[in-house]
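Reviewing the structure listed below.
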Amino acid sequence: MPLIAVTTKEEQYDRLCKEADELLKLHDPCKFIDGQCIYSREQGIKDMHCCGPNCRWLGTGGCETSNLACKTGFGCDALYRNYDLAVEIQKIRSKAWKLGIKAIHIFQSREEIINDI
(Lines give C-alpha, C1' and ligand atoms only; values in the text may rest on other atoms or scores of the structure.)
Protein backbone atom coordinates (compact mmCIF):
# COMPACT_ATOMS: atom_id res chain seq x y z
CA MET A 1 0.00 0.00 0.00
CA PRO A 2 1.66 3.29 -1.04
CA LEU A 3 2.01 6.16 1.38
CA ILE A 4 -0.60 8.80 0.69
CA ALA A 5 0.20 12.48 0.93
CA VAL A 6 -0.26 13.50 4.53
CA THR A 7 0.94 16.59 6.28
CA THR A 8 1.56 15.86 9.95
CA LYS A 9 3.68 13.33 11.77
CA GLU A 10 0.52 12.12 13.51
CA GLU A 11 -1.18 11.40 10.19
CA GLN A 12 1.91 9.64 8.84
CA TYR A 13 2.23 7.55 11.97
CA ASP A 14 -1.49 6.68 12.04
CA ARG A 15 -1.41 5.65 8.37
CA LEU A 16 1.45 3.23 8.98
CA CYS A 17 -0.32 1.81 12.04
CA LYS A 18 -3.45 1.30 9.96
CA GLU A 19 -1.43 -0.58 7.33
CA ALA A 20 0.05 -2.79 10.05
CA ASP A 21 -3.37 -3.37 11.65
CA GLU A 22 -4.82 -4.44 8.30
CA LEU A 23 -1.99 -6.93 7.75
CA LEU A 24 -2.31 -8.33 11.25
CA LYS A 25 -6.06 -8.71 10.86
CA LEU A 26 -5.65 -10.43 7.49
CA HIS A 27 -2.92 -12.87 8.55
CA ASP A 28 -3.60 -13.17 12.31
CA PRO A 29 -0.02 -14.21 13.13
CA CYS A 30 -0.39 -13.95 16.93
CA LYS A 31 -3.57 -16.05 17.05
CA PHE A 32 -4.57 -14.65 20.45
CA ILE A 33 -6.88 -16.82 22.54
CA ASP A 34 -7.83 -15.53 26.00
CA GLY A 35 -4.98 -13.01 25.95
CA GLN A 36 -2.33 -15.55 25.06
CA CYS A 37 -0.50 -15.65 21.74
CA ILE A 38 0.42 -18.74 19.73
CA TYR A 39 4.06 -18.58 20.87
CA SER A 40 3.06 -18.72 24.54
CA ARG A 41 0.67 -21.59 23.93
CA GLU A 42 3.25 -23.57 21.93
CA GLN A 43 5.89 -23.04 24.63
CA GLY A 44 3.47 -23.82 27.46
CA ILE A 45 4.16 -20.45 29.05
CA LYS A 46 1.20 -18.98 30.91
CA ASP A 47 2.48 -15.53 31.87
CA MET A 48 4.74 -14.61 28.96
CA HIS A 49 4.23 -13.67 25.34
CA CYS A 50 6.15 -11.82 22.65
CA CYS A 51 4.49 -8.56 23.68
CA GLY A 52 6.11 -8.80 27.10
CA PRO A 53 4.76 -9.99 30.43
CA ASN A 54 3.84 -6.51 31.65
CA CYS A 55 2.61 -4.78 28.51
CA ARG A 56 -0.11 -2.37 29.64
CA TRP A 57 -1.60 -2.22 26.13
CA LEU A 58 -2.15 -5.94 25.62
CA GLY A 59 -5.80 -6.91 25.85
CA THR A 60 -7.47 -10.26 25.35
CA GLY A 61 -7.64 -9.63 21.59
CA GLY A 62 -4.14 -8.24 21.17
CA CYS A 63 -2.66 -4.75 21.11
CA GLU A 64 -5.03 -1.97 22.17
CA THR A 65 -2.90 1.04 21.21
CA SER A 66 -1.29 2.33 18.05
CA ASN A 67 2.29 1.25 18.67
CA LEU A 68 4.02 0.76 15.35
CA ALA A 69 7.08 -0.95 16.84
CA CYS A 70 4.89 -3.58 18.47
CA LYS A 71 2.58 -3.97 15.48
CA THR A 72 5.53 -4.59 13.19
CA GLY A 73 6.79 -7.40 15.37
CA PHE A 74 9.76 -6.13 17.27
CA GLY A 75 11.10 -9.37 18.73
CA CYS A 76 8.16 -11.52 17.64
CA ASP A 77 8.79 -14.86 15.96
CA ALA A 78 5.18 -15.35 14.85
CA LEU A 79 5.33 -12.59 12.23
CA TYR A 80 8.16 -14.32 10.40
CA ARG A 81 6.47 -17.69 9.99
CA ASN A 82 4.53 -16.25 7.06
CA TYR A 83 6.89 -15.03 4.33
CA ASP A 84 4.35 -12.76 2.62
CA LEU A 85 3.46 -11.10 5.91
CA ALA A 86 7.14 -10.66 6.82
CA VAL A 87 7.82 -8.91 3.50
CA GLU A 88 4.88 -6.53 3.96
CA ILE A 89 5.85 -5.79 7.57
CA GLN A 90 9.38 -4.97 6.44
CA LYS A 91 7.97 -2.51 3.89
CA ILE A 92 6.09 -0.72 6.68
CA ARG A 93 9.24 -0.63 8.81
CA SER A 94 11.18 0.88 5.91
CA LYS A 95 8.56 3.60 5.46
CA ALA A 96 8.68 4.31 9.18
CA TRP A 97 12.46 4.65 9.15
CA LYS A 98 12.25 7.08 6.23
CA LEU A 99 9.85 9.19 8.29
CA GLY A 100 12.18 9.09 11.28
CA ILE A 101 10.10 6.62 13.27
CA LYS A 102 12.39 4.10 14.92
CA ALA A 103 11.61 0.76 16.56
CA ILE A 104 12.56 1.99 20.02
CA HIS A 105 9.08 2.78 21.26
CA ILE A 106 8.12 -0.63 22.59
CA PHE A 107 5.35 -0.58 25.22
CA GLN A 108 4.54 3.11 24.75
CA SER A 109 1.20 4.69 23.89
CA ARG A 110 0.56 6.46 20.60
CA GLU A 111 0.70 9.82 22.36
CA GLU A 112 4.08 9.05 23.95
CA ILE A 113 5.47 8.01 20.57
CA ILE A 114 4.09 11.02 18.67
CA ASN A 115 5.66 13.35 21.20
CA ASP A 116 9.03 11.67 20.64
CA ILE A 117 9.16 11.66 16.82
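The way I read the labels, and the way they are meant: chains A, B, ... in the order of the C-alpha coordinates, residue 1 as the first residue of every chain, and ligand 1 as the first ligand shown, with later ones counted on from there.
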Based on DSSP run over this structure's backbone, return all residues of segment 19-96 of chain A in strand (DSSP E or B), as a list in words.
Ile33, Gln36, Leu58, Gly59, Gly62 and Cys63 of chain A
How would the residues just chosen look if you wrote them out with N, CA and C atoms as a JSON list (two decimals), in the first residue's frame?
[["chain", "number", "residue", "atom", "x", "y", "z"],
["A", 33, "ILE", "N", -5.74, -16.14, 21.93],
["A", 33, "ILE", "CA", -6.88, -16.82, 22.54],
["A", 33, "ILE", "C", -6.78, -16.52, 24.03],
["A", 36, "GLN", "N", -3.59, -14.83, 25.20],
["A", 36, "GLN", "CA", -2.33, -15.55, 25.06],
["A", 36, "GLN", "C", -2.06, -15.81, 23.57],
["A", 58, "LEU", "N", -1.72, -4.65, 26.15],
["A", 58, "LEU", "CA", -2.15, -5.94, 25.62],
["A", 58, "LEU", "C", -3.47, -6.33, 26.25],
["A", 59, "GLY", "N", -4.49, -6.46, 25.39],
["A", 59, "GLY", "CA", -5.80, -6.91, 25.85],
["A", 59, "GLY", "C", -6.03, -8.35, 25.42],
["A", 62, "GLY", "N", -5.38, -8.76, 21.73],
["A", 62, "GLY", "CA", -4.14, -8.24, 21.17],
["A", 62, "GLY", "C", -3.87, -6.82, 21.60],
["A", 63, "CYS", "N", -3.10, -6.11, 20.79],
["A", 63, "CYS", "CA", -2.66, -4.75, 21.11],
["A", 63, "CYS", "C", -3.83, -3.77, 21.05]]
Could you name the residues that touch Cys17 of chain A at 9 Å or less, counting only C-alpha atoms, but leaving out those on the same chain fewer than 5 positions away, as a list in words?
Gln12, Glu22, Ser66, Asn67, Leu68, Lys71, Thr72 and Ile92 of chain A
Residue subset to file, keeping N, CA and C atoms, as a PDB file, in the first residue's frame:
ATOM      1  N   GLN A  12       0.986  10.614   9.413  1.00  0.00           N
ATOM      2  CA  GLN A  12       1.915   9.638   8.841  1.00  0.00           C
ATOM      3  C   GLN A  12       2.003   8.404   9.734  1.00  0.00           C
ATOM      4  N   GLU A  22      -4.152  -3.700   9.370  1.00  0.00           N
ATOM      5  CA  GLU A  22      -4.821  -4.439   8.299  1.00  0.00           C
ATOM      6  C   GLU A  22      -4.093  -5.745   7.993  1.00  0.00           C
ATOM      7  N   SER A  66      -1.942   2.206  19.355  1.00  0.00           N
ATOM      8  CA  SER A  66      -1.288   2.330  18.051  1.00  0.00           C
ATOM      9  C   SER A  66       0.217   2.442  18.265  1.00  0.00           C
ATOM     10  N   ASN A  67       0.852   1.302  18.469  1.00  0.00           N
ATOM     11  CA  ASN A  67       2.288   1.253  18.670  1.00  0.00           C
ATOM     12  C   ASN A  67       2.895   0.536  17.479  1.00  0.00           C
ATOM     13  N   LEU A  68       3.499   1.315  16.594  1.00  0.00           N
ATOM     14  CA  LEU A  68       4.019   0.760  15.346  1.00  0.00           C
ATOM     15  C   LEU A  68       5.132  -0.256  15.579  1.00  0.00           C
ATOM     16  N   LYS A  71       3.394  -3.434  16.572  1.00  0.00           N
ATOM     17  CA  LYS A  71       2.582  -3.973  15.484  1.00  0.00           C
ATOM     18  C   LYS A  71       3.419  -4.513  14.325  1.00  0.00           C
ATOM     19  N   THR A  72       4.670  -4.069  14.245  1.00  0.00           N
ATOM     20  CA  THR A  72       5.533  -4.591  13.191  1.00  0.00           C
ATOM     21  C   THR A  72       6.497  -5.637  13.738  1.00  0.00           C
ATOM     22  N   ILE A  92       6.603  -1.726   5.748  1.00  0.00           N
ATOM     23  CA  ILE A  92       6.088  -0.724   6.682  1.00  0.00           C
ATOM     24  C   ILE A  92       7.225  -0.188   7.537  1.00  0.00           C
TER      25      ILE A  92
END
Nearest residue to Thr65 of chain A from the set A:Glu42, A:Cys30, A:Lys95, A:Asp21 (distances using only C-alpha atoms)
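Checking each candidate against Thr65 of chain A, we get A:Asp21 as the closest.
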Those of chain A in DSSP helix (DSSP H, G or I), formatted as a ChimeraX atom specification
/A:9-27,38-43,68-71,78-80,83-98,110-116
Which residue out of A:Ile117, A:Ala78, A:Asn54, A:Cys70 has the minimum interatomic distance to Leu99 of chain A when only C-alpha atoms are used?
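Once distances to Leu99 of chain A are computed over only C-alpha atoms, the minimum belongs to A:Ile117.
The spacing separating atom CA of Cys76 of chain A from atom CA of Cys37 of chain A amounts to 10.4 Å.
If you measure from each of A:Lys31, A:Arg93, A:Lys25, A:Lys46 to Gly73 of chain A using only C-alpha atoms, the closest one turns out to be A:Arg93.
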From the set A:Lys98, A:Cys51, A:Lys9, A:Ile89, which residue has the shortest atom-to-atom contact distance to Phe32 of chain A, counting only C-alpha atoms?
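When distances to Phe32 of chain A are compared using only C-alpha atoms, the smallest one comes from A:Cys51.
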Between A:Glu11, A:Glu64, A:Asp28, A:Asp77, which has the minimum distance to Ser40 of chain A (counting only C-alpha atoms)?
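The shortest atom-to-atom distance to Ser40 of chain A comes from A:Asp77.
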